[in-house]
$ cat model_28.cif   # mmCIF, C-alpha atoms
data_model
loop_
_atom_site.label_atom_id
_atom_site.label_comp_id
_atom_site.auth_asym_id
_atom_site.auth_seq_id
_atom_site.Cartn_x
_atom_site.Cartn_y
_atom_site.Cartn_z
CA MET A 1 23.07 -1.30 13.76
CA LYS A 2 25.47 -4.23 14.15
CA TYR A 3 28.46 -4.61 11.84
CA TRP A 4 30.29 -7.90 11.39
CA ARG A 5 33.37 -5.73 10.96
CA VAL A 6 33.86 -2.02 11.37
CA PRO A 7 33.87 -0.38 7.91
CA LEU A 8 37.25 1.08 7.00
CA ASP A 9 35.78 4.49 6.30
CA SER A 10 33.48 4.59 9.31
CA ASN A 11 35.27 7.69 10.63
CA ASP A 12 34.76 9.65 7.40
CA ILE A 13 31.07 8.93 6.91
CA ALA A 14 28.82 11.60 8.31
CA VAL A 15 25.82 9.93 9.91
CA SER A 16 22.66 11.99 9.55
CA ARG A 17 20.73 12.73 12.70
CA GLY A 18 17.01 12.97 13.06
CA MET A 19 14.34 14.12 15.42
CA VAL A 20 11.19 12.04 15.74
CA VAL A 21 7.90 13.93 15.95
CA ILE A 22 4.84 12.03 17.18
CA VAL A 23 1.30 13.27 16.49
CA GLU A 24 -0.19 11.57 19.54
CA GLU A 25 -3.87 12.25 18.79
CA ARG A 26 -3.67 10.30 15.53
CA CYS A 27 -1.90 7.22 16.94
CA LYS A 28 -3.83 3.95 17.24
CA GLY A 29 -1.09 2.09 19.08
CA CYS A 30 -0.35 -0.61 16.48
CA GLY A 31 3.30 -0.68 17.52
CA TYR A 32 4.75 -1.00 14.00
CA CYS A 33 7.15 1.93 14.47
CA ILE A 34 8.37 0.49 17.77
CA ALA A 35 8.87 -3.04 16.45
CA PHE A 36 10.57 -2.10 13.18
CA CYS A 37 12.71 0.93 14.06
CA PRO A 38 16.20 -0.21 12.95
CA ARG A 39 17.83 1.68 15.83
CA ASN A 40 15.24 0.85 18.53
CA VAL A 41 14.64 4.51 19.21
CA LEU A 42 11.02 4.11 20.32
CA GLU A 43 9.13 2.35 23.09
CA LEU A 44 5.50 2.11 24.15
CA SER A 45 4.44 4.99 26.34
CA PRO A 46 2.53 4.16 29.53
CA ARG A 47 0.34 7.22 28.91
CA TYR A 48 -2.94 7.18 26.99
CA ASN A 49 -3.84 9.49 24.15
CA VAL A 50 -7.26 11.07 23.69
CA LYS A 51 -8.63 7.90 22.05
CA GLY A 52 -7.31 5.55 24.72
CA TYR A 53 -4.33 4.10 22.87
CA HIS A 54 -0.71 4.06 24.01
CA PRO A 55 1.33 6.19 21.60
CA PRO A 56 5.08 5.57 21.18
CA LEU A 57 7.65 7.44 23.20
CA VAL A 58 11.13 8.47 22.09
CA LYS A 59 13.42 6.42 24.30
CA LYS A 60 16.82 7.16 22.75
CA PRO A 61 16.53 10.45 20.81
CA ASP A 62 20.27 10.53 20.06
CA ASP A 63 20.17 7.24 18.14
CA CYS A 64 17.77 8.37 15.41
CA VAL A 65 19.50 8.58 12.01
CA ASN A 66 16.51 10.09 10.16
CA CYS A 67 15.82 7.00 8.02
CA HIS A 68 12.08 7.85 7.88
CA TYR A 69 11.09 4.19 8.25
CA CYS A 70 8.64 4.93 11.09
CA GLU A 71 7.11 7.60 8.88
CA THR A 72 6.58 5.23 5.95
CA ILE A 73 5.25 2.28 7.94
CA CYS A 74 2.85 4.24 10.16
CA PRO A 75 -0.68 3.53 8.88
CA ASP A 76 -2.08 6.56 10.68
CA PHE A 77 0.16 9.45 9.57
CA ALA A 78 1.05 9.88 13.23
CA ILE A 79 4.86 9.92 13.23
CA TYR A 80 7.56 11.54 11.14
CA SER A 81 11.17 12.51 11.46
CA LEU A 82 13.00 15.72 10.67
CA GLU A 83 16.66 16.09 9.87
CA ILE A 84 18.85 17.82 12.41
CA PRO A 85 21.44 19.73 10.36
CA GLY A 86 24.96 18.50 11.04
CA ASP A 87 27.78 20.79 12.01
CA MET B 1 -14.89 20.13 18.50
CA GLU B 2 -11.74 18.66 19.92
CA LYS B 3 -10.97 17.14 16.51
CA ASN B 4 -10.70 20.47 14.74
CA LYS B 5 -7.99 21.64 17.08
CA ILE B 6 -5.57 18.91 15.99
CA ARG B 7 -2.69 20.50 14.14
CA SER B 8 0.27 18.70 12.71
CA ASP B 9 2.94 19.26 10.12
CA HIS B 10 3.14 15.72 8.82
CA PRO B 11 4.87 15.73 5.40
CA LEU B 12 1.85 14.05 3.82
CA ASP B 13 -0.71 16.51 5.17
CA ALA B 14 -0.69 18.39 1.86
CA MET B 15 -1.96 15.21 0.16
CA LEU B 16 -4.63 14.36 2.73
CA ARG B 17 -8.06 15.61 3.63
CA THR B 18 -6.85 16.17 7.16
CA ASP B 19 -10.34 16.95 8.44
CA ARG B 20 -11.16 13.28 7.88
CA ILE B 21 -8.07 11.97 9.66
CA PRO B 22 -7.94 9.84 11.85
CA HIS B 23 -9.29 7.40 9.29
CA ILE B 24 -11.66 4.48 9.94
CA TRP B 25 -9.06 1.72 9.47
CA CYS B 26 -8.53 -0.46 12.55
CA PRO B 27 -5.36 -0.35 14.68
CA GLY B 28 -2.80 -2.54 12.93
CA CYS B 29 -4.58 -2.48 9.57
CA GLY B 30 -2.13 -2.32 6.69
CA ILE B 31 -4.25 -0.24 4.31
CA GLY B 32 -3.02 3.01 5.86
CA THR B 33 0.59 2.08 5.10
CA ALA B 34 -0.23 1.09 1.51
CA PHE B 35 -2.16 4.34 1.12
CA SER B 36 0.68 6.40 2.52
CA ALA B 37 3.16 4.63 0.19
CA CYS B 38 0.86 5.54 -2.70
CA MET B 39 0.74 9.19 -1.62
CA VAL B 40 4.54 9.36 -1.23
CA ALA B 41 5.01 7.77 -4.66
CA MET B 42 2.61 10.26 -6.26
CA GLN B 43 4.51 13.14 -4.69
CA ALA B 44 7.88 11.74 -5.71
CA SER B 45 6.97 10.67 -9.24
CA GLY B 46 6.69 14.24 -10.52
CA ILE B 47 3.37 13.64 -12.30
CA ASN B 48 0.98 16.57 -12.44
CA LEU B 49 -1.20 16.05 -9.38
CA ASP B 50 -3.88 18.38 -10.77
CA LYS B 51 -4.31 15.83 -13.54
CA THR B 52 -4.26 12.78 -11.31
CA VAL B 53 -7.41 10.96 -10.27
CA MET B 54 -7.82 8.28 -7.64
CA VAL B 55 -10.66 5.82 -8.08
CA SER B 56 -11.77 3.36 -5.42
CA GLY B 57 -14.48 0.78 -5.16
CA ILE B 58 -16.25 -0.48 -2.07
CA GLY B 59 -14.66 -1.97 1.01
CA CYS B 60 -12.13 -0.91 3.59
CA SER B 61 -9.51 -0.10 0.93
CA GLY B 62 -12.20 1.68 -1.05
CA ARG B 63 -12.21 4.39 1.61
CA GLY B 64 -8.82 5.48 0.26
CA ALA B 65 -10.35 7.80 -2.31
CA GLY B 66 -12.05 9.73 0.46
CA TYR B 67 -8.83 10.56 2.28
CA THR B 68 -6.74 11.99 -0.52
CA ARG B 69 -6.88 15.65 -1.47
CA LEU B 70 -6.67 14.74 -5.18
CA ASP B 71 -9.73 14.49 -7.39
CA SER B 72 -11.11 11.13 -6.33
CA TYR B 73 -14.08 8.90 -6.97
CA HIS B 74 -15.67 6.40 -4.64
CA THR B 75 -17.54 4.21 -7.06
CA THR B 76 -20.02 1.36 -6.91
CA HIS B 77 -18.97 -2.10 -5.79
CA GLY B 78 -16.48 -3.75 -8.15
CA ARG B 79 -16.75 -1.01 -10.75
CA ALA B 80 -13.65 1.01 -9.96
CA ILE B 81 -11.87 -0.17 -13.13
CA PRO B 82 -14.78 0.62 -15.54
CA PHE B 83 -15.07 4.12 -14.03
CA ALA B 84 -11.31 4.57 -14.35
CA SER B 85 -11.28 3.28 -17.95
CA GLY B 86 -14.08 5.66 -18.91
CA MET B 87 -12.32 8.58 -17.32
CA LYS B 88 -9.04 7.77 -19.07
CA LEU B 89 -10.73 7.45 -22.46
CA ALA B 90 -12.74 10.65 -22.06
CA ASN B 91 -9.68 12.62 -21.02
CA PRO B 92 -6.45 10.83 -21.99
CA GLU B 93 -4.36 13.52 -20.25
CA LEU B 94 -5.34 12.20 -16.82
CA ASN B 95 -3.22 9.85 -14.74
CA VAL B 96 -5.77 7.41 -13.41
CA VAL B 97 -4.95 5.39 -10.31
CA VAL B 98 -7.26 2.69 -8.99
CA PHE B 99 -6.77 2.03 -5.28
CA SER B 100 -8.99 -0.76 -4.04
CA GLY B 101 -9.14 -4.07 -2.27
CA ASP B 102 -8.97 -7.70 -3.32
CA GLY B 103 -12.69 -8.35 -2.84
CA ASP B 104 -13.67 -5.36 -4.93
CA LEU B 105 -11.16 -5.89 -7.74
CA PHE B 106 -11.11 -9.69 -7.95
CA ALA B 107 -14.41 -11.01 -6.69
CA ILE B 108 -17.25 -8.74 -7.79
CA GLY B 109 -14.99 -6.79 -10.14
CA GLY B 110 -13.01 -9.74 -11.47
CA ASN B 111 -14.31 -9.55 -15.01
CA HIS B 112 -13.61 -5.85 -15.28
CA PHE B 113 -10.06 -6.46 -14.14
CA ILE B 114 -9.25 -9.18 -16.67
CA HIS B 115 -10.75 -7.27 -19.57
CA ALA B 116 -9.04 -3.99 -18.71
CA ALA B 117 -5.76 -5.94 -18.54
CA ARG B 118 -6.51 -7.71 -21.82
CA ARG B 119 -7.12 -4.38 -23.57
CA ASN B 120 -4.10 -2.83 -21.86
CA MET B 121 -5.96 0.23 -20.57
CA ASP B 122 -3.48 2.91 -19.55
CA ILE B 123 -4.24 2.88 -15.80
CA THR B 124 -2.42 1.95 -12.59
CA VAL B 125 -4.16 -0.53 -10.32
CA ILE B 126 -3.06 -0.87 -6.70
CA CYS B 127 -4.76 -3.77 -4.96
CA VAL B 128 -4.52 -4.02 -1.19
CA ASN B 129 -4.82 -7.76 -0.56
CA ASN B 130 -5.82 -8.44 3.04
CA LEU B 131 -7.03 -11.97 2.21
CA ILE B 132 -10.60 -11.37 3.36
CA TYR B 133 -13.78 -9.28 3.06
CA GLY B 134 -12.91 -6.98 5.94
CA MET B 135 -15.70 -4.41 5.99
CA THR B 136 -18.62 -6.85 5.76
CA GLY B 137 -17.42 -8.94 8.70
CA GLY B 138 -14.60 -11.24 7.66
CA GLN B 139 -16.17 -13.58 5.11
CA ALA B 140 -14.04 -15.83 2.88
CA ALA B 141 -12.93 -14.02 -0.29
CA ALA B 142 -11.46 -15.13 -3.60
CA THR B 143 -7.99 -14.55 -2.11
CA THR B 144 -8.45 -16.29 1.27
CA PRO B 145 -5.72 -18.94 1.62
CA CYS B 146 -6.72 -22.60 1.71
CA LEU B 147 -7.66 -23.81 5.24
CA ALA B 148 -7.82 -20.26 6.67
CA LYS B 149 -10.67 -19.73 9.12
CA THR B 150 -13.21 -17.01 8.39
CA THR B 151 -16.73 -16.28 9.59
CA THR B 152 -18.16 -18.20 6.62
CA THR B 153 -15.60 -21.04 6.74
CA PRO B 154 -15.32 -21.89 10.45
CA LEU B 155 -13.68 -25.26 9.66
CA GLY B 156 -11.15 -23.72 7.30
CA ASN B 157 -11.46 -22.52 3.73
CA PRO B 158 -11.74 -25.56 1.43
CA ASP B 159 -10.96 -23.60 -1.75
CA PRO B 160 -7.62 -22.52 -3.16
CA PRO B 161 -7.13 -18.75 -3.67
CA PHE B 162 -6.38 -16.76 -6.81
CA SER B 163 -2.75 -16.00 -7.54
CA LEU B 164 -3.19 -12.34 -8.40
CA PRO B 165 0.12 -11.74 -10.23
CA LEU B 166 -0.47 -14.82 -12.37
CA LEU B 167 -4.04 -13.76 -13.11
CA ALA B 168 -2.88 -10.26 -14.08
CA PHE B 169 -0.08 -11.63 -16.25
CA ALA B 170 -2.30 -14.17 -17.97
CA SER B 171 -4.90 -11.47 -18.67
CA GLY B 172 -2.29 -9.30 -20.33
CA ALA B 173 -1.10 -6.73 -17.78
CA THR B 174 2.18 -5.12 -18.81
CA TYR B 175 3.50 -4.41 -15.31
CA VAL B 176 2.97 -6.82 -12.43
CA ALA B 177 4.51 -6.57 -8.96
CA ARG B 178 3.81 -7.86 -5.48
CA TRP B 179 5.00 -6.30 -2.21
CA THR B 180 3.94 -6.24 1.42
CA ILE B 181 3.39 -3.22 3.62
CA LEU B 182 6.65 -4.06 5.39
CA HIS B 183 8.59 -3.46 2.16
CA THR B 184 7.54 0.17 2.04
CA ARG B 185 10.52 1.42 0.08
CA ASP B 186 10.24 -1.18 -2.69
CA LEU B 187 6.50 -0.63 -2.75
CA THR B 188 6.85 3.14 -3.09
CA LYS B 189 9.45 2.74 -5.83
CA SER B 190 7.25 0.27 -7.64
CA ILE B 191 4.18 2.55 -7.52
CA GLU B 192 6.32 5.45 -8.73
CA GLU B 193 7.55 3.34 -11.64
CA ALA B 194 4.01 2.25 -12.48
CA LEU B 195 2.73 5.84 -12.46
CA ASN B 196 5.38 6.92 -14.94
CA ARG B 197 4.80 4.19 -17.50
CA ARG B 198 2.12 3.52 -20.10
CA GLY B 199 -0.16 0.52 -20.10
CA PHE B 200 -1.98 -1.52 -17.51
CA SER B 201 0.11 -1.68 -14.33
CA PHE B 202 -0.88 -3.90 -11.44
CA ILE B 203 0.64 -3.89 -7.97
CA GLU B 204 -0.53 -6.27 -5.28
CA VAL B 205 0.13 -5.14 -1.71
CA LEU B 206 -0.17 -7.74 1.03
CA ALA B 207 -1.57 -6.19 4.20
CA PRO B 208 -2.74 -7.62 7.53
CA CYS B 209 -6.39 -7.46 8.56
CA PRO B 210 -6.17 -7.94 12.34
CA THR B 211 -9.92 -7.70 12.90
CA GLY B 212 -11.37 -9.84 10.13
CA TYR B 213 -8.59 -12.30 9.36
CA GLY B 214 -6.19 -12.10 12.31
CA ARG B 215 -8.72 -12.68 15.08
CA LYS B 216 -10.07 -15.88 13.51
CA ASN B 217 -6.62 -17.22 12.67
CA LYS B 218 -4.91 -16.22 15.95
CA GLU B 219 -2.58 -13.84 14.21
CA ARG B 220 -1.92 -10.36 15.59
CA SER B 221 -0.91 -7.71 13.10
CA LEU B 222 2.66 -7.68 14.42
CA ASP B 223 2.81 -11.49 13.93
CA THR B 224 1.73 -11.01 10.31
CA LEU B 225 4.50 -8.48 9.79
CA LYS B 226 7.00 -10.89 11.39
CA ILE B 227 5.85 -13.52 8.84
CA TYR B 228 6.40 -10.95 6.08
CA GLN B 229 9.87 -10.30 7.47
CA GLU B 230 10.92 -13.93 7.87
CA ARG B 231 9.26 -15.75 5.00
CA THR B 232 9.29 -13.38 2.04
CA VAL B 233 11.78 -13.90 -0.76
CA ILE B 234 12.35 -11.13 -3.31
CA LYS B 235 12.75 -12.49 -6.83
CA ASN B 236 12.58 -9.66 -9.35
CA GLY B 237 11.89 -10.90 -12.85
CA ALA B 238 10.55 -14.28 -11.69
CA HIS B 239 7.77 -15.77 -13.78
CA PRO B 240 4.37 -15.05 -12.16
CA MET B 241 3.84 -18.83 -12.25
CA ASP B 242 6.61 -19.12 -9.65
CA ALA B 243 5.19 -16.36 -7.44
CA VAL B 244 4.12 -18.57 -4.57
CA MET B 245 2.15 -17.33 -1.58
CA ASP B 246 2.34 -19.93 1.15
CA PHE B 247 2.23 -18.18 4.51
CA GLY B 248 3.62 -21.21 6.33
CA ASN B 249 6.59 -21.51 4.03
CA SER B 250 7.54 -18.78 1.59
CA ILE B 251 6.03 -15.76 -0.14
CA THR B 252 7.56 -14.52 -3.38
CA LEU B 253 7.74 -10.75 -3.81
CA GLY B 254 9.15 -8.61 -6.55
CA LYS B 255 8.51 -7.05 -9.90
CA PHE B 256 7.52 -9.96 -12.10
CA VAL B 257 6.52 -8.42 -15.41
CA ASP B 258 7.52 -5.17 -17.10
CA HIS B 259 7.15 -5.06 -20.87
CA ASP B 260 5.56 -2.82 -23.46
CA ARG B 261 2.73 -3.44 -25.87
CA PRO B 262 0.23 -1.11 -27.55
CA THR B 263 -2.42 0.28 -25.22
CA PHE B 264 -6.15 0.27 -25.83
CA SER B 265 -6.10 3.79 -27.29
CA ASP B 266 -3.20 2.94 -29.63
CA ASN B 267 -4.98 -0.08 -31.01
CA TYR B 268 -8.33 1.66 -31.25
CA ASP B 269 -6.94 4.67 -33.09
CA ARG B 270 -4.97 2.51 -35.45
CA THR B 271 -7.90 0.27 -36.34
CA CYS B 272 -11.05 2.36 -36.04
CA ARG B 273 -9.98 5.91 -36.82
CA PRO B 274 -6.73 5.86 -38.75
CA HIS B 275 -7.24 9.45 -39.99
CA PHE B 276 -7.18 10.73 -36.35
CA ALA B 277 -4.01 9.00 -35.28
#
$ encode --input "model_28.cif" --output "structure tokens"
Amino acid sequence: MKYWRVPLDSNDIAVSRGMVVIVEERCKGCGYCIAFCPRNVLELSPRYNVKGYHPPLVKKPDDCVNCHYCETICPDFAIYSLEIPGD
Amino acid sequence: MEKNKIRSDHPLDAMLRTDRIPHIWCPGCGIGTAFSACMVAMQASGINLDKTVMVSGIGCSGRGAGYTRLDSYHTTHGRAIPFASGMKLANPELNVVVFSGDGDLFAIGGNHFIHAARRNMDITVICVNNLIYGMTGGQAAATTPCLAKTTTTPLGNPDPPFSLPLLAFASGATYVARWTILHTRDLTKSIEEALNRRGFSFIEVLAPCPTGYGRKNKERSLDTLKIYQERTVIKNGAHPMDAVMDFGNSITLGKFVDHDRPTFSDNYDRTCRPHFA
């Protein structure tokens, strides 16, 4: 995410962290999660799933903030994210 | 055999008939997203899911009823709203949700829609508008934009489309909203709101149809979503008359109407059986 200025309280805000789980067999390769992830966490995998589509691949697992957007936009119930508890 | 081995812990699995997933909707089709927003809203709204019914008509969106683990009805073509009205009147405790497409609700079922809205039946109608008859092969529908190419209008559609929010408002719906599948959070919130209120609620969801509409009009599903991202303007409270849908210029989204008036049952009880009310 780009800021036009750094928020004054950016050091105090705890950013949640997430883990993306991909159900590869369900994916139909529409690419919505890849195109609209606000942190660009995903990319297209070169591999094929059982139906011959390219599922997404987690490119930058550390950048996921568990916003669940991939989960809500996926038309095939093939991706979701889980919160990693902070310390 | 392979299919039965698929296991997942997707948060929506409890709401789905997982043995039927993957569904029949094409790659890039927006109905799945609208359906998932509907399921999330039902879960979040706190309504009693044992007393919630989903009714669908015929068409791609009509398959929705077959994928939810709720009580659901896949009805005859265009008759989703009459089935839903009957169900609501026979058992007023039920939350009745109609999930269907633009062709089913506004072409063959157009009359049922306007009269249910006029009477203010206490149901929630979610219309997935993909601008075309998808399942039958991409023919021009009542919602196909002017000049759009379809299998039945190879030179471009000469007719103007319905403005669904305006039609719903003019017929008497008490809640009218329009969102796209890109605006999943607003859409989910809107469906949740509609489920928790009385009266006829109508939500139009714009969704791409890459196979029927996109292929003829050289528009991939990701291009459609880019159009949704760049050209939509959210104007909550705007008059449905000002809810334009011009894909080359601007598309108005938002919650346009939200007011209360007596429902069908209220009026009926008051007039026809005052000693029951």
$ resolve_selection --input "model_28.cif" --expression "the PyMOL selection byres ((chain B) within 8 of (chain A))" --output "PyMOL selection string"
chain B and resi 6+8+10-12+21-23+26-37+181-182+184+221-222
$ residues_around --input "model_28.cif" --residues "Val15 (chain A)" --least-positions-apart "4" --cutoff "10 Å" --atoms "all atoms listed in the file" --output "VMD selection string"
chain A and resid 10 to 11 64 to 66 86
$ atom_distance --input "model_28.cif" --atom1 "CA of Leu206 (chain B)" --atom2 "CA of Asp258 (chain B)"
19.9 Å
$ resolve_selection --input "model_28.cif" --expression "the PyMOL selection byres ((chain B and resi 203) around 7)" --output "PDB file with C-alpha atoms, keeping the file's coordinate frame"
ATOM      1  CA  VAL B 125      -4.160  -0.530 -10.320  1.00  0.00           C
ATOM      2  CA  ILE B 126      -3.060  -0.870  -6.700  1.00  0.00           C
ATOM      3  CA  CYS B 127      -4.760  -3.770  -4.960  1.00  0.00           C
ATOM      4  CA  VAL B 176       2.970  -6.820 -12.430  1.00  0.00           C
ATOM      5  CA  ALA B 177       4.510  -6.570  -8.960  1.00  0.00           C
ATOM      6  CA  ARG B 178       3.810  -7.860  -5.480  1.00  0.00           C
ATOM      7  CA  SER B 201       0.110  -1.680 -14.330  1.00  0.00           C
ATOM      8  CA  PHE B 202      -0.880  -3.900 -11.440  1.00  0.00           C
ATOM      9  CA  GLU B 204      -0.530  -6.270  -5.280  1.00  0.00           C
ATOM     10  CA  VAL B 205       0.130  -5.140  -1.710  1.00  0.00           C
TER      11      VAL B 205
END
$ atom_distance --input "model_28.cif" --atom1 "CA of Met42 (chain B)" --atom2 "CA of Asp122 (chain B)"
16.4 Å
$ residues_around --input "model_28.cif" --residues "region 40-45 of chain A" --least-positions-apart "5" --cutoff "8 Å" --atoms "all atoms listed in the file" --output "list in words"
Gly31, Cys33, Ile34, Ala35, His54, Pro55, Pro56, Leu57, Val58, Lys59, Lys60, Pro61, Asp63 and Cys64 of chain A
$ axis_aligned_box --input "model_28.cif" --around "region 21-24 of chain B" --padding-each-side "4 Å" --output "AutoDock Vina command-line options"
--center_x -9.8 --center_y 8.2 --center_z 10.6 --size_x 11.7 --size_y 15.5 --size_z 10.6
$ atom_distance --input "model_28.cif" --atom1 "CA of Thr252 (chain B)" --atom2 "CA of Val233 (chain B)"
5.0 Å
$ resolve_selection --input "model_28.cif" --expression "the PyMOL selection byres ((chain B and resi 60) around 10)" --output "JSON, numbers by chain"
{"B": [24, 25, 26, 29, 31, 56, 57, 58, 59, 61, 62, 63, 64, 100, 101, 103, 104, 128, 130, 133, 134, 135, 136]}
$ write_last_selection --input "model_28.cif" --atoms "C-alpha atoms" --output "CSV table (one decimal), in the frame of the given file"
chain,number,residue,atom,x,y,z
B,24,ILE,CA,-11.7,4.5,9.9
B,25,TRP,CA,-9.1,1.7,9.5
B,26,CYS,CA,-8.5,-0.5,12.6
B,29,CYS,CA,-4.6,-2.5,9.6
B,31,ILE,CA,-4.2,-0.2,4.3
B,56,SER,CA,-11.8,3.4,-5.4
B,57,GLY,CA,-14.5,0.8,-5.2
B,58,ILE,CA,-16.2,-0.5,-2.1
B,59,GLY,CA,-14.7,-2.0,1.0
B,61,SER,CA,-9.5,-0.1,0.9
B,62,GLY,CA,-12.2,1.7,-1.0
B,63,ARG,CA,-12.2,4.4,1.6
B,64,GLY,CA,-8.8,5.5,0.3
B,100,SER,CA,-9.0,-0.8,-4.0
B,101,GLY,CA,-9.1,-4.1,-2.3
B,103,GLY,CA,-12.7,-8.4,-2.8
B,104,ASP,CA,-13.7,-5.4,-4.9
B,128,VAL,CA,-4.5,-4.0,-1.2
B,130,ASN,CA,-5.8,-8.4,3.0
B,133,TYR,CA,-13.8,-9.3,3.1
B,134,GLY,CA,-12.9,-7.0,5.9
B,135,MET,CA,-15.7,-4.4,6.0
B,136,THR,CA,-18.6,-6.8,5.8
$ residues_near_point --input "model_28.cif" --point "(1.5, 7.0, -16.0)" --cutoff "10 Å" --atoms "only C-alpha atoms" --output "NGL selection string"
:B and (45 or 47 or 52 or 93-97 or 122-124 or 191-201)
$ closest_residue --input "model_28.cif" --among "A:Ala14, A:Cys37, A:Met19, A:Val6" --to "Ile84 (chain A)" --atoms "all atoms listed in the file"
A:Met19
$ residues_around --input "model_28.cif" --residues "Arg215 (chain B)" --least-positions-apart "2" --cutoff "12 Å" --atoms "only C-alpha atoms" --output "count of residues only"
22
$ closest_residue --input "model_28.cif" --among "B:Pro92, B:Pro160, B:Gly86, B:Pro262" --to "Ala173 (chain B)" --atoms "all atoms listed in the file"
B:Pro262
$ closest_residue --input "model_28.cif" --among "B:Ala243, B:Thr153, B:Leu89, B:Asn236" --to "Asp269 (chain B)" --atoms "all atoms listed in the file"
B:Leu89
$ decode --input "model_28.cif" --residues "region 34-83 of chain A" --atoms "C-alpha atoms" --output "PDB file, in the first residue's frame"
ATOM      1  CA  ILE A  34      -4.132 -12.008  -8.594  1.00  0.00           C
ATOM      2  CA  ALA A  35      -5.302  -8.814 -10.296  1.00  0.00           C
ATOM      3  CA  PHE A  36      -7.102  -7.305  -7.308  1.00  0.00           C
ATOM      4  CA  CYS A  37      -4.968  -8.309  -4.306  1.00  0.00           C
ATOM      5  CA  PRO A  38      -4.186  -4.913  -2.708  1.00  0.00           C
ATOM      6  CA  ARG A  39      -0.719  -6.106  -1.660  1.00  0.00           C
ATOM      7  CA  ASN A  40       0.136  -8.079  -4.830  1.00  0.00           C
ATOM      8  CA  VAL A  41       0.730 -11.219  -2.827  1.00  0.00           C
ATOM      9  CA  LEU A  42      -0.259 -13.636  -5.595  1.00  0.00           C
ATOM     10  CA  GLU A  43       0.935 -14.537  -9.073  1.00  0.00           C
ATOM     11  CA  LEU A  44      -0.083 -17.051 -11.717  1.00  0.00           C
ATOM     12  CA  SER A  45       1.476 -20.439 -11.162  1.00  0.00           C
ATOM     13  CA  PRO A  46       3.101 -22.136 -14.160  1.00  0.00           C
ATOM     14  CA  ARG A  47       1.703 -25.459 -12.932  1.00  0.00           C
ATOM     15  CA  TYR A  48      -1.641 -26.926 -13.987  1.00  0.00           C
ATOM     16  CA  ASN A  49      -4.317 -28.180 -11.636  1.00  0.00           C
ATOM     17  CA  VAL A  50      -6.351 -31.323 -12.228  1.00  0.00           C
ATOM     18  CA  LYS A  51      -8.744 -29.482 -14.573  1.00  0.00           C
ATOM     19  CA  GLY A  52      -6.000 -27.868 -16.640  1.00  0.00           C
ATOM     20  CA  TYR A  53      -6.135 -24.348 -15.235  1.00  0.00           C
ATOM     21  CA  HIS A  54      -3.275 -22.358 -13.730  1.00  0.00           C
ATOM     22  CA  PRO A  55      -4.060 -21.735 -10.051  1.00  0.00           C
ATOM     23  CA  PRO A  56      -2.509 -18.755  -8.228  1.00  0.00           C
ATOM     24  CA  LEU A  57       0.714 -19.048  -6.299  1.00  0.00           C
ATOM     25  CA  VAL A  58       1.680 -17.164  -3.156  1.00  0.00           C
ATOM     26  CA  LYS A  59       4.575 -14.980  -4.276  1.00  0.00           C
ATOM     27  CA  LYS A  60       5.100 -12.805  -1.195  1.00  0.00           C
ATOM     28  CA  PRO A  61       3.599 -14.636   1.813  1.00  0.00           C
ATOM     29  CA  ASP A  62       4.925 -12.035   4.267  1.00  0.00           C
ATOM     30  CA  ASP A  63       2.952  -9.200   2.662  1.00  0.00           C
ATOM     31  CA  CYS A  64      -0.514 -10.644   3.282  1.00  0.00           C
ATOM     32  CA  VAL A  65      -2.469  -8.572   5.819  1.00  0.00           C
ATOM     33  CA  ASN A  66      -5.470 -10.938   6.007  1.00  0.00           C
ATOM     34  CA  CYS A  67      -7.917  -8.546   4.309  1.00  0.00           C
ATOM     35  CA  HIS A  68      -9.924 -11.499   2.885  1.00  0.00           C
ATOM     36  CA  TYR A  69     -10.449  -9.725  -0.442  1.00  0.00           C
ATOM     37  CA  CYS A  70      -9.256 -12.738  -2.465  1.00  0.00           C
ATOM     38  CA  GLU A  71     -11.697 -14.852  -0.488  1.00  0.00           C
ATOM     39  CA  THR A  72     -14.664 -12.595  -1.245  1.00  0.00           C
ATOM     40  CA  ILE A  73     -13.939 -12.062  -4.937  1.00  0.00           C
ATOM     41  CA  CYS A  74     -13.134 -15.685  -5.801  1.00  0.00           C
ATOM     42  CA  PRO A  75     -16.134 -17.047  -7.744  1.00  0.00           C
ATOM     43  CA  ASP A  76     -15.067 -20.638  -7.112  1.00  0.00           C
ATOM     44  CA  PHE A  77     -14.582 -20.831  -3.321  1.00  0.00           C
ATOM     45  CA  ALA A  78     -10.977 -21.751  -4.053  1.00  0.00           C
ATOM     46  CA  ILE A  79      -8.980 -19.326  -1.903  1.00  0.00           C
ATOM     47  CA  TYR A  80      -9.192 -18.029   1.642  1.00  0.00           C
ATOM     48  CA  SER A  81      -6.948 -16.472   4.221  1.00  0.00           C
ATOM     49  CA  LEU A  82      -6.376 -17.259   7.871  1.00  0.00           C
ATOM     50  CA  GLU A  83      -5.104 -14.897  10.507  1.00  0.00           C
TER      51      GLU A  83
END
